[in-house]
>>> print(open('data.pdb').read())   # PDB, C-alpha atoms
ATOM      1  CA  MET A 148       0.000   0.000   0.000
ATOM      2  CA  GLU A 149       2.759   2.443   0.932
ATOM      3  CA  GLN A 150       4.678   1.500  -2.222
ATOM      4  CA  ASP A 151       1.637   2.345  -4.361
ATOM      5  CA  THR A 152       1.280   5.718  -2.626
ATOM      6  CA  ASP A 153       4.947   6.538  -3.235
ATOM      7  CA  ALA A 154       4.541   5.582  -6.883
ATOM      8  CA  LEU A 155       1.558   7.910  -7.268
ATOM      9  CA  VAL A 156       3.463  10.784  -5.652
ATOM     10  CA  ALA A 157       6.432  10.191  -7.928
ATOM     11  CA  MET A 158       4.213  10.018 -11.002
ATOM     12  CA  THR A 159       2.606  13.345 -10.104
ATOM     13  CA  ARG A 160       6.024  15.004 -10.401
ATOM     14  CA  ILE A 161       6.172  14.412 -14.145
ATOM     15  CA  LEU A 162       2.728  15.753 -14.956
ATOM     16  CA  SER A 163       1.853  19.218 -16.172
ATOM     17  CA  PRO A 164       0.364  21.677 -13.644
ATOM     18  CA  HIS A 165      -3.132  21.180 -15.091
ATOM     19  CA  CYS A 166      -3.260  17.425 -14.454
ATOM     20  CA  ARG A 167      -4.414  15.712 -11.308
ATOM     21  CA  VAL A 168      -3.759  12.120 -10.264
ATOM     22  CA  THR A 169      -6.572  10.355  -8.429
ATOM     23  CA  ARG A 170      -5.988   6.994  -6.836
ATOM     24  CA  LEU A 171      -8.369   4.213  -7.847
ATOM     25  CA  SER A 172      -8.697   0.635  -6.614
ATOM     26  CA  GLY A 173      -7.113  -0.720  -9.795
ATOM     27  CA  GLY A 174      -4.593   2.038 -10.483
ATOM     28  CA  ALA A 175      -4.957   5.763 -11.089
ATOM     29  CA  LEU A 176      -6.948   8.278 -13.103
ATOM     30  CA  ILE A 177      -5.108  11.204 -14.661
ATOM     31  CA  ALA A 178      -7.505  14.096 -15.219
ATOM     32  CA  ASP A 179      -6.666  17.191 -17.223
ATOM     33  CA  TRP A 180      -9.653  19.368 -16.380
ATOM     34  CA  ARG A 181      -8.478  22.285 -18.496
ATOM     35  CA  ARG A 182      -8.629  20.286 -21.724
ATOM     36  CA  THR A 183     -11.186  17.730 -20.508
ATOM     37  CA  ARG A 184      -8.850  14.788 -21.006
ATOM     38  CA  PHE A 185      -8.763  11.641 -18.923
ATOM     39  CA  LEU A 186      -6.317   8.751 -18.897
ATOM     40  CA  GLY A 187      -6.465   5.604 -16.809
ATOM     41  CA  MET A 188      -3.388   3.694 -15.672
ATOM     42  CA  THR A 189      -3.140   0.311 -13.989
ATOM     43  CA  THR A 190      -1.321  -0.157 -10.690
ATOM     44  CA  ALA A 191       1.389  -2.108 -12.524
ATOM     45  CA  ASP A 192       2.017   0.796 -14.916
ATOM     46  CA  VAL A 193       2.175   3.293 -12.064
ATOM     47  CA  ARG A 194       4.768   1.140 -10.295
ATOM     48  CA  LYS A 195       6.854   0.913 -13.475
ATOM     49  CA  LEU A 196       7.291   4.689 -13.423
ATOM     50  CA  VAL A 197       9.221   4.307 -10.176
ATOM     51  CA  GLY A 198      10.682   0.821  -9.996
ATOM     52  CA  GLY A 199      10.697  -0.279 -13.605
ATOM     53  CA  THR A 200      13.567  -0.366 -16.049
ATOM     54  CA  SER A 201      14.618   2.705 -18.013
ATOM     55  CA  GLU A 202      12.966   1.268 -21.119
ATOM     56  CA  GLU A 203       9.666   0.665 -19.299
ATOM     57  CA  ARG A 204       9.635   4.170 -17.833
ATOM     58  CA  ALA A 205      10.490   5.704 -21.191
ATOM     59  CA  ALA A 206       7.652   3.861 -22.914
ATOM     60  CA  LEU A 207       5.102   4.902 -20.296
ATOM     61  CA  VAL A 208       6.230   8.526 -20.265
ATOM     62  CA  THR A 209       6.076   8.633 -24.057
ATOM     63  CA  GLY A 210       2.447   7.555 -23.791
ATOM     64  CA  LEU A 211       1.733  10.260 -21.207
ATOM     65  CA  VAL A 212       3.358  12.928 -23.367
ATOM     66  CA  ARG A 213       1.383  11.851 -26.440
ATOM     67  CA  ALA A 214      -1.820  11.928 -24.408
ATOM     68  CA  GLY A 215      -0.984  15.468 -23.333
ATOM     69  CA  CYS A 216      -0.735  14.484 -19.653
ATOM     70  CA  ALA A 217       3.005  15.032 -19.183
ATOM     71  CA  THR A 218       5.580  17.534 -20.263
ATOM     72  CA  ALA A 219       8.436  16.564 -22.562
ATOM     73  CA  ARG A 220      11.989  16.278 -21.288
ATOM     74  CA  ARG A 221      13.859  19.545 -20.805
ATOM     75  CA  LYS A 222      16.566  20.291 -23.317
ATOM     76  CA  VAL A 223      20.205  20.083 -22.272
ATOM     77  CA  CYS A 224      21.664  23.507 -21.515
ATOM     78  CA  SER A 225      24.015  25.220 -23.918
ATOM     79  CA  ASP A 226      27.598  25.979 -22.879
ATOM     80  CA  ALA A 227      26.649  29.599 -22.146
ATOM     81  CA  GLU A 228      23.754  28.498 -19.938
ATOM     82  CA  VAL A 229      26.067  26.088 -18.100
ATOM     83  CA  GLY A 230      28.348  29.032 -17.318
ATOM     84  CA  LEU A 231      25.443  31.068 -15.958
ATOM     85  CA  TRP A 232      24.268  28.166 -13.796
ATOM     86  CA  LEU A 233      27.786  27.604 -12.480
ATOM     87  CA  ARG A 234      28.271  31.224 -11.450
ATOM     88  CA  GLY A 235      24.793  31.352  -9.925
ATOM     89  CA  VAL A 236      25.350  28.171  -7.905
ATOM     90  CA  HIS A 237      28.753  29.433  -6.732
ATOM     91  CA  LEU A 238      27.184  32.705  -5.575
ATOM     92  CA  LEU A 239      24.405  30.787  -3.795
ATOM     93  CA  ILE A 240      26.945  28.607  -1.961
ATOM     94  CA  ARG A 241      28.925  31.656  -0.884
ATOM     95  CA  ALA A 242      25.787  33.423   0.332
ATOM     96  CA  MET A 243      24.017  30.512   2.043
ATOM     97  CA  GLY A 244      26.675  27.913   2.718
ATOM     98  CA  PHE A 245      27.186  24.519   1.079
ATOM     99  CA  GLY A 246      25.033  22.633   3.599
ATOM    100  CA  ARG A 247      22.002  24.837   3.093
ATOM    101  CA  VAL A 248      22.323  24.592  -0.687
ATOM    102  CA  LEU A 249      22.329  20.792  -0.428
ATOM    103  CA  ARG A 250      19.048  20.988   1.489
ATOM    104  CA  LEU A 251      17.568  23.046  -1.360
ATOM    105  CA  LEU A 252      18.294  20.358  -3.961
ATOM    106  CA  PRO A 253      14.813  18.757  -3.772
ATOM    107  CA  LEU A 254      13.431  22.104  -5.001
ATOM    108  CA  ILE A 255      15.929  22.963  -7.734
ATOM    109  CA  ALA A 256      16.781  19.391  -8.771
ATOM    110  CA  PRO A 257      13.532  17.390  -8.422
ATOM    111  CA  GLY A 258      13.659  13.608  -8.615
ATOM    112  CA  TYR A 259      11.609  13.023 -11.740
ATOM    113  CA  ALA A 260      10.025   9.593 -11.953
ATOM    114  CA  ARG A 261      11.034   9.405 -15.612
ATOM    115  CA  ALA A 262      14.735   9.358 -14.679
ATOM    116  CA  ASP A 263      16.955   7.233 -16.856
ATOM    117  CA  ILE A 264      20.678   6.926 -17.460
ATOM    118  CA  PRO A 265      22.169   9.715 -19.595
ATOM    119  CA  SER A 266      24.516   8.830 -22.424
ATOM    120  CA  PRO A 267      28.258   9.066 -21.677
ATOM    121  CA  GLN A 268      28.492  11.583 -24.535
ATOM    122  CA  ALA A 269      25.940  13.897 -22.879
ATOM    123  CA  VAL A 270      27.710  13.731 -19.511
ATOM    124  CA  ALA A 271      31.133  14.203 -21.150
ATOM    125  CA  ARG A 272      29.851  17.323 -22.921
ATOM    126  CA  LEU A 273      28.466  18.705 -19.654
ATOM    127  CA  LYS A 274      31.712  17.830 -17.863
ATOM    128  CA  ARG A 275      33.790  19.729 -20.423
ATOM    129  CA  ALA A 276      31.528  22.777 -20.205
ATOM    130  CA  VAL A 277      31.400  22.850 -16.399
ATOM    131  CA  GLU A 278      35.146  22.368 -15.921
ATOM    132  CA  ALA A 279      36.044  24.830 -18.680
ATOM    133  CA  HIS A 280      33.892  27.559 -17.122
ATOM    134  CA  GLY A 281      35.201  26.669 -13.661
ATOM    135  CA  ARG A 282      38.828  27.077 -14.725
ATOM    136  CA  SER A 283      38.324  30.209 -16.823
ATOM    137  CA  SER A 284      36.197  32.138 -14.317
ATOM    138  CA  TRP A 285      38.107  34.059 -11.662
ATOM    139  CA  PHE A 286      34.850  34.232  -9.717
ATOM    140  CA  VAL A 287      34.275  30.480  -9.557
ATOM    141  CA  ASP A 288      38.006  29.660  -9.424
ATOM    142  CA  ASP A 289      37.675  25.906 -10.030
ATOM    143  CA  ASP A 290      35.327  25.388  -7.053
ATOM    144  CA  CYS A 291      34.464  21.672  -6.891
ATOM    145  CA  LYS A 292      31.321  22.305  -4.824
ATOM    146  CA  ALA A 293      29.815  24.658  -7.404
ATOM    147  CA  GLU A 294      30.799  22.350 -10.268
ATOM    148  CA  ALA A 295      29.303  19.271  -8.591
ATOM    149  CA  VAL A 296      26.023  20.983  -7.680
ATOM    150  CA  THR A 297      25.702  22.535 -11.149
ATOM    151  CA  ALA A 298      26.192  19.195 -12.876
ATOM    152  CA  PHE A 299      23.747  17.478 -10.516
ATOM    153  CA  VAL A 300      21.045  20.125 -10.979
ATOM    154  CA  LEU A 301      21.333  20.255 -14.779
ATOM    155  CA  LEU A 302      21.261  16.460 -15.132
ATOM    156  CA  ARG A 303      18.273  16.104 -12.796
ATOM    157  CA  ARG A 304      16.361  18.906 -14.505
ATOM    158  CA  CYS A 305      16.737  16.933 -17.727
ATOM    159  CA  GLY A 306      15.251  13.901 -15.969
ATOM    160  CA  PHE A 307      18.519  11.946 -15.788
ATOM    161  CA  GLU A 308      19.845   9.871 -12.925
ATOM    162  CA  ALA A 309      22.764  11.444 -11.080
ATOM    163  CA  THR A 310      24.359  11.224  -7.645
ATOM    164  CA  LEU A 311      26.166  14.022  -5.839
ATOM    165  CA  HIS A 312      28.968  12.892  -3.513
ATOM    166  CA  VAL A 313      30.859  14.680  -0.770
ATOM    167  CA  GLY A 314      34.099  12.898   0.119
ATOM    168  CA  VAL A 315      36.901  13.243   2.628
ATOM    169  CA  ARG A 316      40.637  12.535   2.557
ATOM    170  CA  GLU A 317      42.443  12.076   5.869
ATOM    171  CA  HIS A 318      46.122  12.672   5.019
ATOM    172  CA  PRO A 319      46.333  15.548   4.419
ATOM    173  CA  PHE A 320      42.780  16.365   5.414
ATOM    174  CA  ALA A 321      40.593  17.706   2.593
ATOM    175  CA  LEU A 322      37.000  17.684   1.384
ATOM    176  CA  HIS A 323      35.865  17.263  -2.192
ATOM    177  CA  ALA A 324      32.524  17.193  -4.036
ATOM    178  CA  TRP A 325      31.611  15.598  -7.359
ATOM    179  CA  THR A 326      28.583  14.333  -9.264
ATOM    180  CA  SER A 327      28.582  10.915 -10.909
ATOM    181  CA  ALA A 328      26.451   9.842 -13.870
ATOM    182  CA  ALA A 329      26.893   7.319 -16.691
ATOM    183  CA  GLY A 330      30.251   6.234 -15.286
ATOM    184  CA  LEU A 331      31.717   9.763 -15.337
ATOM    185  CA  SER A 332      32.367  12.303 -12.589
ATOM    186  CA  VAL A 333      31.961  16.089 -12.664
ATOM    187  CA  PRO A 334      34.489  17.271 -11.596
ATOM    188  CA  ALA A 335      36.951  14.364 -11.305
ATOM    189  CA  ALA A 336      36.348  12.149  -8.264
ATOM    190  CA  ASP A 337      40.097  11.870  -7.624
ATOM    191  CA  PRO A 338      41.697  15.225  -8.512
ATOM    192  CA  ARG A 339      45.470  15.034  -8.934
ATOM    193  CA  GLY A 340      45.285  11.312  -8.173
ATOM    194  CA  HIS A 341      44.030  11.786  -4.600
ATOM    195  CA  ALA A 342      41.237   9.406  -3.630
ATOM    196  CA  PHE A 343      38.335  10.636  -1.498
ATOM    197  CA  THR A 344      36.008   8.446   0.572
ATOM    198  CA  PRO A 345      32.337   9.447   0.131
ATOM    199  CA  VAL A 346      30.708  10.452   3.410
ATOM    200  CA  LEU A 347      27.501  11.825   1.859
ATOM    201  CA  SER A 348      25.688  10.804  -1.319
ATOM    202  CA  ILE A 349      22.557  12.502  -2.631
ATOM    203  CA  GLY A 350      20.719  10.500  -5.248
ATOM    204  CA  CYS A 351      17.845  11.008  -7.670
ATOM    205  CA  GLY A 352      15.303  11.813  -5.042
ATOM    206  CA  SER A 353      17.644  14.352  -3.423
ATOM    207  CA  GLU A 354      17.600  12.410  -0.168
TER     208      GLU A 354
END
>>> encode(input="data.pdb", output="structure tokens")
Amino acid sequence: MEQDTDALVAMTRILSPHCRVTRLSGGALIADWRRTRFLGMTTADVRKLVGGTSEERAALVTGLVRAGCATARRKVCSDAEVGLWLRGVHLLIRAMGFGRVLRLLPLIAPGYARADIPSPQAVARLKRAVEAHGRSSWFVDDDCKAEAVTAFVLLRRCGFEATLHVGVREHPFALHAWTSAAGLSVPAADPRGHAFTPVLSIGCGSE
């Protein structure tokens, strides 16, 4: 019962503001009152949006989009937009502190139920853009925290799976942050060959 409720909550996150999900005994009813559209889904289909494979989720979301009950995936940001996000995140961390920004992630990087694994090419492109802006900006100054949060937010806002890590190294003591997705890390998980042990990991649901 609790699993079904969680699945309905997660499914609601991918719907447009005009749609409402109503729980039924055999699944759910998606009602778009503005356009007078209704779509029924079985309990099994609702669960697939949360616990199914990437292919199953993609197929179901495609059906929702075609029925007009879900919004399409956000486009990947351009290099210029990545730079703006990076500087904005860096300023937010400086103003509020890294810990408070991490607590804001559920708002700015929602855990979409349609999450799937991004292609290595997409993550590599984002990695190049984030690190290039981080190195070239005197304001950001290669800040790993801003780079990790920026990558995490942009990947999540596109509906992709990503995990933000905060790691520690004992000798000499240091902290480091990075986001992992599709087998890549933004920025590098082991800068200059120094390994960091993760002490905090924030996944798709920003938990």
>>> atom_distance(input="data.pdb", atom1="atom CA of A:Gly281", atom2="atom CA of A:Cys305")
21.3 Å
>>> closest_residue(input="data.pdb", among="A:Thr326, A:Thr297, A:Thr344, A:Ser172", to="A:Trp232", atoms="all atoms listed in the file")
A:Thr297
>>> residues_around(input="data.pdb", residues="A:Pro334", least_positions_apart="3", cutoff="10 Å", atoms="only C-alpha atoms", output="list in words")
Lys274, Arg275, Val277, Glu278, Gly281, Asp289, Asp290, Cys291, Lys292, Ala293, Glu294, Ala295, Ala298, His323, Ala324, Trp325, Thr326, Ser327, Leu331, Asp337 and Pro338 of chain A
>>> closest_residue(input="data.pdb", among="A:Leu238, A:Val156, A:Val346, A:Ala335", to="A:Arg316", atoms="all atoms listed in the file")
A:Val346
>>> closest_residue(input="data.pdb", among="A:Val229, A:Ala191, A:Leu186, A:Met158", to="A:Val208", atoms="all atoms listed in the file")
A:Met158
>>> atom_distance(input="data.pdb", atom1="atom CA of A:Ala328", atom2="atom CA of A:Arg282")
21.2 Å
>>> closest_residue(input="data.pdb", among="A:Pro253, A:His280, A:Glu202, A:Ile264", to="A:Ala227", atoms="only C-alpha atoms")
A:His280
>>> closest_residue(input="data.pdb", among="A:Leu251, A:Ala309, A:Ala269, A:Ala154", to="A:Arg170", atoms="only C-alpha atoms")
A:Ala154
>>> atom_distance(input="data.pdb", atom1="atom CA of A:Val296", atom2="atom CA of A:Thr200")
26.1 Å
